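Inspection log for the structure reproduced underneath, given as structure tokens.
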Amino acid sequence: MSSQKHARDPKCPLCGVRLDRFVLDQEGVPVLIRGACPDDKDKLVAFYERLSNETIYTRFFSIVRYFEPYVERILNGPAYVIVAEREDTGEIIAVAEAVPNSDGTAAEAGIVVLEKYQGRGIGKRIAYALSRVLWERGVRRVVGYILPGNIKAYRLVKKLGGRIKSYYESLLYVEIPVRPGPANGKTGEPAGTGS
């Protein structure tokens with residue numbers, strides 16, 4: 001099953017927007033990073049349900065078992081949500097989301113990658129795509145919390161030019177400057193069009 005086409009939805013400004021496209025390492029897996037759409041709900045719930053307890057804990061700081069309310073909230077709220085999906089199967093393999101603050105200059109963000117695909121550069125690619133989206137909307141810094149033992153997240157923060165700002169209730173509070181980021185793929189094009 002190939003990546004389906006998504007119509008733009010005025011309530012979901014990133015719906016169907018192609019942000020990056022690449023082939024994943026030696027496996028030759030075609031990956032599309034695009035804006036999430038309301039009709040991605042079931043695929044997003046399935047994605048979160050496939051995560052291990054360890055990955056769920058490092059993303060949510062607790063073990064979550066029921067993801068439907070969370071997915072509905074991020075798809076229908078003020079969050080910018082993007083997904084990385086395999087174009088050959090339509091499987092979502094990573095999700096990045098950012099919720100802007102009240103004045104729109106900063107956003108709290110989170111990224112999670114399916115275990116099978118961790119350590120292969122997808123987190124960095126989806127972070128760059130999210131950075132471009134935020135930059136275009138006037139956001140200039142991303143903030144977030146990570147567990148002190150989450151080395152992968154810490155490394156990504158450092159690669160993106162971020163730093164630890166403080167230690168808060170057993171979590172590291174990080175800040176990352178938002179930059180336009182490298183244009184790794186076509187931007188602003190509805191998913192399913194172009195090359």
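Every chain in the structure tokens takes a letter, A first, then B, and so on in the order presented; its residues are numbered from 1, and the ligands are numbered from 1 following the presented order.
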
- Message: Just want the 12 Å neighbourhood of A:Val143, counted on only C-alpha atoms, with same-chain residues fewer than 6 positions away dropped. Output as a count of residues only.
- Response: 24

For A:Leu160, please output as a PDB file with C-alpha atoms, in the first residue's frame all residues within 12 Å (counting only C-alpha atoms; exclusion window: fewer than 4 positions along the same chain).
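selection_14.pdb was written with the following content:
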```pdb
ATOM      1  CA  GLY A 123      14.710  11.752  14.415  1.00  0.00           C
ATOM      2  CA  LYS A 124      17.102  14.342  13.003  1.00  0.00           C
ATOM      3  CA  ARG A 125      15.257  14.539   9.662  1.00  0.00           C
ATOM      4  CA  ILE A 126      11.841  14.975  11.287  1.00  0.00           C
ATOM      5  CA  ALA A 127      13.331  17.537  13.720  1.00  0.00           C
ATOM      6  CA  TYR A 128      14.684  19.576  10.786  1.00  0.00           C
ATOM      7  CA  ALA A 129      11.285  19.388   9.071  1.00  0.00           C
ATOM      8  CA  LEU A 130       9.544  20.533  12.257  1.00  0.00           C
ATOM      9  CA  SER A 131      12.080  23.343  12.617  1.00  0.00           C
ATOM     10  CA  ARG A 141      12.744  28.510  20.069  1.00  0.00           C
ATOM     11  CA  VAL A 142      11.601  25.049  21.059  1.00  0.00           C
ATOM     12  CA  ALA A 153      17.214  12.720  22.994  1.00  0.00           C
ATOM     13  CA  TYR A 154      20.128  14.568  24.593  1.00  0.00           C
ATOM     14  CA  ARG A 155      22.330  13.891  21.552  1.00  0.00           C
ATOM     15  CA  LEU A 156      19.596  15.157  19.231  1.00  0.00           C
ATOM     16  CA  VAL A 174      15.990  21.940  27.257  1.00  0.00           C
ATOM     17  CA  GLU A 175      15.849  24.809  24.821  1.00  0.00           C
ATOM     18  CA  ILE A 176      16.652  24.622  21.116  1.00  0.00           C
ATOM     19  CA  PRO A 177      16.895  27.610  18.775  1.00  0.00           C
ATOM     20  CA  VAL A 178      14.611  27.270  15.761  1.00  0.00           C
ATOM     21  CA  ARG A 179      16.372  27.698  12.453  1.00  0.00           C
ATOM     22  CA  PRO A 180      15.074  27.329   8.924  1.00  0.00           C
ATOM     23  CA  GLY A 181      17.020  24.069   8.706  1.00  0.00           C
ATOM     24  CA  PRO A 182      18.334  22.310   5.627  1.00  0.00           C
TER      25      PRO A 182
END
```

- Proximity to A:Asp25 - best of A:Arg140, A:Tyr167, A:Arg120, A:Pro148, only C-alpha atoms: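 Smallest distance to A:Asp25 is found for A:Arg120.
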
- For each of A:Leu24, A:Ile146, A:Val17, A:Leu171, take the minimum atom-to-atom distance to A:Ile122, counting only C-alpha atoms, then give the residue where this is smallest.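 Of the candidates, the smallest distance to A:Ile122 is held by A:Leu24.
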
- Query: Any idea what's packed within 12 Å of A:Gly28, counting only C-alpha atoms, ignoring anything in its chain fewer than 5 positions away? Could you give it as a list in words?
  - Reply: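 Once the adjacent positions are removed, what remains is Phe22, Val23, Arg86, Glu87 and Asp88 of chain A.
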
- Would you work out the distance separating atom CA of A:Pro30 from atom CA of A:Val83, expressed in Å to one decimal?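 A separation of 13.6 Å between them.
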
- Task: Have a look at A:Tyr80, A:Ile56, A:Phe61, A:Ile151 and name the one nearest to A:Arg132; count only C-alpha atoms.
- Result: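 Using only C-alpha atoms, the shortest distance to A:Arg132 belongs to A:Tyr80.
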
- Item | Residue nearest A:Arg34 among A:Gly90, A:Gly119, A:Pro69, A:Gly144 (counting only C-alpha atoms) | A:Gly90

- Item | Those in stretch 51-187 of chain A with strand (DSSP E or B) from DSSP, as number ranges by chain | A: 80-86, 92-100, 106-113, 141-146, 163-168, 171-177

- Message: Residues of stretch 32-91 of chain A classed as helix (DSSP H, G or I) by DSSP on the backbone are to be reported as a PyMOL selection string.
- Response: chain A and resi 38-50+53-60+68-76

Put those residues in a file: N, CA and C atoms, as a short mmCIF file (atom, residue, chain, number, x, y, z; two decimals), in the first residue's frame.
```cif
data_model
loop_
_atom_site.label_atom_id
_atom_site.label_comp_id
_atom_site.auth_asym_id
_atom_site.auth_seq_id
_atom_site.Cartn_x
_atom_site.Cartn_y
_atom_site.Cartn_z
N PRO A 38 -6.32 14.78 9.80
CA PRO A 38 -7.32 14.14 10.65
C PRO A 38 -7.55 12.67 10.31
N ASP A 39 -7.45 12.31 9.03
CA ASP A 39 -7.68 10.91 8.67
C ASP A 39 -6.49 10.00 9.01
N ASP A 40 -5.45 10.55 9.62
CA ASP A 40 -4.32 9.75 10.12
C ASP A 40 -4.59 9.19 11.51
N LYS A 41 -5.72 9.50 12.10
CA LYS A 41 -5.98 9.14 13.50
C LYS A 41 -5.71 7.66 13.78
N ASP A 42 -6.30 6.77 13.02
CA ASP A 42 -6.12 5.33 13.28
C ASP A 42 -4.66 4.90 13.11
N LYS A 43 -3.97 5.45 12.11
CA LYS A 43 -2.56 5.11 11.91
C LYS A 43 -1.69 5.63 13.05
N LEU A 44 -2.04 6.82 13.56
CA LEU A 44 -1.29 7.37 14.70
C LEU A 44 -1.51 6.55 15.96
N VAL A 45 -2.76 6.16 16.22
CA VAL A 45 -3.04 5.32 17.40
C VAL A 45 -2.25 4.02 17.27
N ALA A 46 -2.28 3.41 16.10
CA ALA A 46 -1.53 2.15 15.88
C ALA A 46 -0.03 2.37 16.09
N PHE A 47 0.49 3.51 15.64
CA PHE A 47 1.91 3.82 15.84
C PHE A 47 2.25 3.85 17.32
N TYR A 48 1.49 4.61 18.10
CA TYR A 48 1.78 4.72 19.54
C TYR A 48 1.60 3.37 20.24
N GLU A 49 0.65 2.58 19.81
CA GLU A 49 0.44 1.27 20.44
C GLU A 49 1.57 0.29 20.15
N ARG A 50 2.34 0.51 19.08
CA ARG A 50 3.48 -0.36 18.74
C ARG A 50 4.74 -0.01 19.52
N ASN A 53 7.34 -0.15 26.06
CA ASN A 53 7.12 0.58 27.32
C ASN A 53 8.25 1.58 27.58
N GLU A 54 9.47 1.20 27.25
CA GLU A 54 10.61 2.09 27.47
C GLU A 54 10.49 3.36 26.62
N THR A 55 10.15 3.21 25.35
CA THR A 55 10.00 4.37 24.48
C THR A 55 8.81 5.23 24.92
N ILE A 56 7.72 4.59 25.30
CA ILE A 56 6.56 5.35 25.80
C ILE A 56 6.97 6.15 27.03
N TYR A 57 7.71 5.53 27.93
CA TYR A 57 8.12 6.22 29.15
C TYR A 57 9.05 7.40 28.84
N THR A 58 9.99 7.22 27.91
CA THR A 58 10.91 8.32 27.60
C THR A 58 10.20 9.47 26.90
N ARG A 59 9.09 9.20 26.23
CA ARG A 59 8.34 10.28 25.56
C ARG A 59 7.32 10.94 26.50
N PHE A 60 6.59 10.13 27.28
CA PHE A 60 5.48 10.66 28.08
C PHE A 60 5.76 10.70 29.59
N GLU A 68 -5.92 6.95 22.07
CA GLU A 68 -6.90 7.64 21.23
C GLU A 68 -7.18 9.08 21.70
N PRO A 69 -7.40 9.34 23.01
CA PRO A 69 -7.64 10.73 23.42
C PRO A 69 -6.45 11.65 23.14
N TYR A 70 -5.24 11.13 23.33
CA TYR A 70 -4.05 11.92 23.06
C TYR A 70 -3.97 12.28 21.57
N VAL A 71 -4.18 11.30 20.71
CA VAL A 71 -4.11 11.52 19.26
C VAL A 71 -5.19 12.52 18.84
N GLU A 72 -6.39 12.38 19.36
CA GLU A 72 -7.46 13.33 19.03
C GLU A 72 -7.08 14.74 19.46
N ARG A 73 -6.47 14.86 20.61
CA ARG A 73 -6.08 16.18 21.13
C ARG A 73 -5.01 16.82 20.24
N ILE A 74 -3.99 16.06 19.84
CA ILE A 74 -2.94 16.69 19.02
C ILE A 74 -3.43 16.98 17.60
N LEU A 75 -4.33 16.16 17.08
CA LEU A 75 -4.83 16.41 15.73
C LEU A 75 -5.84 17.55 15.69
N ASN A 76 -6.54 17.78 16.78
CA ASN A 76 -7.60 18.78 16.78
C ASN A 76 -7.27 20.02 17.59
#
```

- Could you tell me which of A:Trp135, A:Ser62, A:Gly161, A:Leu51 comes closest to A:Val112 if we count only C-alpha atoms?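 Looking only at the distances to A:Val112, the closest residue turns out to be A:Leu51.
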
- Message: Given only C-alpha atoms as the basis, pick out the residue of A:Ala36, A:Cys12, A:Leu19, A:Val64 nearest to A:Ile92.
- Response: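 Of the candidates, the smallest distance to A:Ile92 is held by A:Ala36.
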
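The two atoms in question, atom CA of A:Cys15 and atom CA of A:Cys37, are spaced 4.6 Å apart.
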